[in-house]
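Trainee: Got model.txt for you, compact mmCIF, C-alpha atoms:
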```txt
# COMPACT_ATOMS: atom_id res chain seq x y z
CA MET P 8 -0.32 14.59 13.73
CA LEU P 9 1.88 14.77 16.74
CA PRO P 10 5.12 13.30 15.45
CA MET P 11 7.50 12.85 18.33
CA PRO P 12 11.27 12.88 17.98
CA THR P 13 12.78 9.49 17.30
CA THR P 14 15.46 10.10 19.91
CA THR P 15 14.79 10.14 23.62
CA MET P 16 14.52 13.64 24.94
CA THR P 17 16.09 14.34 28.32
CA GLN P 18 14.58 17.81 28.66
CA ASP P 19 11.51 19.63 27.45
CA PRO P 20 11.88 20.93 23.90
CA VAL P 21 12.30 24.64 23.30
CA TRP P 22 9.73 25.65 20.70
CA PRO P 23 10.52 28.44 18.22
CA SER P 24 9.10 31.67 19.67
CA ASN P 25 7.07 32.38 16.53
CA SER P 26 5.43 28.92 16.46
CA LEU P 27 2.07 28.13 18.04
CA LEU P 28 3.66 26.05 20.80
CA GLY P 29 6.27 28.74 21.40
CA ARG P 30 3.61 31.41 21.94
CA LEU P 31 1.48 29.44 24.40
CA ARG P 32 1.82 29.55 28.16
CA GLU P 33 3.26 26.35 29.62
CA ASN P 34 -0.01 25.11 31.17
CA THR P 35 -1.98 25.81 27.96
CA ARG P 36 0.71 24.11 25.87
CA GLN P 37 0.58 21.03 28.12
CA GLU P 38 -3.22 20.86 27.89
CA LEU P 39 -3.02 20.99 24.09
CA LEU P 40 -0.30 18.34 23.94
CA ASN P 41 -2.28 16.07 26.26
CA ILE P 42 -5.38 15.93 24.04
CA GLY P 43 -3.65 14.88 20.81
CA THR P 44 -2.63 11.52 19.46
CA VAL P 45 1.04 10.99 18.64
CA VAL P 46 1.66 9.75 15.10
CA ARG P 47 5.07 9.30 13.49
CA TYR P 48 5.57 9.65 9.74
CA THR P 49 8.48 8.75 7.50
CA ALA P 50 10.13 11.27 5.22
CA ASP P 51 8.50 12.28 1.94
CA ARG P 52 5.00 11.22 2.98
CA GLU P 53 1.81 13.14 2.18
CA VAL P 54 0.07 13.73 5.49
CA ILE P 55 -2.60 16.09 4.13
CA GLU P 56 -3.84 15.83 0.55
CA GLN P 57 -5.04 18.80 -1.52
CA ASP P 58 -8.83 18.69 -2.16
CA ALA P 59 -9.44 16.11 0.59
CA LYS P 60 -12.55 16.75 2.66
CA ASP P 61 -11.16 15.68 6.03
CA THR P 62 -10.90 18.17 8.89
CA HIS P 63 -8.09 17.06 11.20
CA VAL P 64 -5.19 19.36 12.07
CA LEU P 65 -1.57 18.44 12.61
CA LEU P 66 0.58 19.86 15.38
CA LEU P 67 4.23 19.30 14.56
CA LEU P 68 6.36 18.24 17.50
CA ASP P 69 9.48 17.43 15.52
CA GLY P 70 10.73 17.69 11.97
CA VAL P 71 9.79 19.84 9.01
CA VAL P 72 6.98 19.70 6.46
CA LYS P 73 6.40 21.52 3.20
CA VAL P 74 3.03 22.93 2.22
CA GLN P 75 2.45 22.89 -1.53
CA THR P 76 -0.34 23.28 -4.03
CA THR P 77 -0.83 21.90 -7.53
CA ASP P 78 -2.77 23.86 -10.16
CA GLU P 79 -4.96 22.61 -13.01
CA THR P 80 -1.95 22.26 -15.35
CA GLY P 81 -0.06 20.06 -12.87
CA ASP P 82 2.44 22.71 -11.80
CA THR P 83 3.34 22.58 -8.11
CA ALA P 84 4.15 25.65 -6.01
CA LEU P 85 5.74 25.65 -2.57
CA LEU P 86 3.58 27.74 -0.24
CA ALA P 87 5.34 27.33 3.09
CA ILE P 88 7.74 25.39 5.25
CA ARG P 89 6.49 24.51 8.72
CA VAL P 90 8.63 23.36 11.65
CA ALA P 91 8.23 21.88 15.11
CA GLY P 92 5.70 23.85 17.11
CA ASP P 93 3.60 24.80 14.07
CA LEU P 94 0.02 23.85 13.28
CA VAL P 95 -1.05 22.81 9.76
CA GLY P 96 -4.46 22.00 8.31
CA GLU P 97 -6.40 24.41 10.49
CA MET P 98 -8.21 26.18 7.65
CA ALA P 99 -10.07 23.06 6.50
CA ALA P 100 -10.97 22.29 10.10
CA LEU P 101 -12.42 25.78 10.53
CA ASP P 102 -14.19 26.40 7.23
CA GLN P 103 -15.18 22.80 6.38
CA LYS P 104 -14.02 23.25 2.77
CA PRO P 105 -11.71 20.88 0.84
CA ARG P 106 -8.00 21.14 1.59
CA SER P 107 -6.31 23.93 -0.34
CA ALA P 108 -2.84 22.36 -0.21
CA THR P 109 -0.86 19.18 0.29
CA VAL P 110 1.46 18.78 3.28
CA VAL P 111 4.50 16.55 2.82
CA THR P 112 6.98 15.42 5.47
```
Rewrite the structure from the file as structure tokens, please.

Mentor:
Amino acid sequence: MLPMPTTTMTQDPVWPSNSLLGRLRENTRQELLNIGTVVRYTADREVIEQDAKDTHVLLLLDGVVKVQTTDETGDTALLAIRVAGDLVGEMAALDQKPRSATVVT
């Protein structure tokens, strides 16, 4: 997922320094941004589903997502909040195992 801001940007975004995009050199960041496909999602939408066997990753360009997991009893726990510049879903892409969490916009 490469959700772009819904407003027109007049300058390059400043990525949080602790995010993936914030840590990359400019030319590396541009190369990464150029190979993705931009997808926009509405609020409160599951963009990765726990236990799914897909392997795509999402690079957040704008907005915030929550990473959560649901146990066998149906209880849900918030694992993380991710913001623009962060990558989510990389573990399933690397280890080829089912998704360990759900990601919601």

Trainee: Rounded to one decimal, what separation in Å do you get between CA of Glu79 in chain P and CA of Ser107 in chain P?

Mentor: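 So the two atoms, CA of Glu79 in chain P and CA of Ser107 in chain P, lie 12.8 Å apart.
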
Trainee: With only C-alpha atoms as the atoms that count, which of P:Gln103, P:Val90, P:Asn41, P:Ala108 lies nearest to Pro23 in chain P?

Mentor: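 Counting only C-alpha atoms, the residue closest to Pro23 in chain P is P:Val90.
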
Trainee: Set the distance at 6 Å and use all atoms listed in the file: which residues neighbour Ala91 in chain P once local chain neighbours fewer than 6 positions away are removed? I'd like the list as JSON, numbers by chain.

Mentor: {"P": [67, 68, 69, 70]}

Trainee: How far is it from CA of His63 in chain P to CA of Asp93 in chain P, in Å with one decimal?

Mentor: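 So the two atoms, CA of His63 in chain P and CA of Asp93 in chain P, lie 14.3 Å apart.
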
Trainee: Expressed in Å to a single decimal, how great is the separation between CA of Val72 in chain P and CA of Gln37 in chain P?

Mentor: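 Rounded to one decimal, the two atoms are 22.6 Å apart.
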
Trainee: Taking 4 positions as the minimum chain separation for residues in the same chain, which residues sit within 12 Å of Ser24 in chain P when counting all atoms listed in the file? Answer as JSON, numbers by chain.

Mentor: {"P": [20, 28, 29, 30, 31, 32, 90, 91, 92, 93]}

Trainee: Name the closest residue to Trp22 in chain P among the candidates P:Arg36, P:Arg106, P:Arg52, P:Ile42; distances are taken between atoms, counting all atoms listed in the file.

Mentor: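 Nearest to Trp22 in chain P: P:Arg36.
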
Trainee: From the list P:Leu86, P:Leu39, P:Val95, P:Ala50, which residue is nearest Val64 in chain P when using all atoms listed in the file?

Mentor: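 Ranking P:Leu86, P:Leu39, P:Val95, P:Ala50 by distance to Val64 in chain P, first place goes to P:Val95.
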
Trainee: Specify the axis-aligned box that encloses all atoms of range 25-38 of chain P listed in the file after padding of 6 Å on each side, stating its centre and edge lengths in Å to one decimal as AutoDock Vina command-line options.

Mentor:
```
--center_x 1.9 --center_y 26.6 --center_z 23.8 --size_x 22.3 --size_y 23.5 --size_z 26.7
```

Trainee: Compare P:Val45, P:Leu27, P:Val111, P:Met98 by their minimum atom-to-atom distance to Val74 in chain P, counting all atoms listed in the file, and give me the closest one.

Mentor: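 Smallest distance to Val74 in chain P is found for P:Val111.
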
Trainee: Given the choices P:Leu66, P:Ser26, P:Thr35, P:Asp61, which gets closest to Arg47 in chain P if the distance is worked out from all atoms listed in the file?

Mentor: P:Leu66

Trainee: For Val110 in chain P, which residue among P:Ile88, P:Val54, P:Ala59, P:Val71 is the nearest when counting all atoms listed in the file?

Mentor: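 The answer is P:Val54, which sits nearest to Val110 in chain P.
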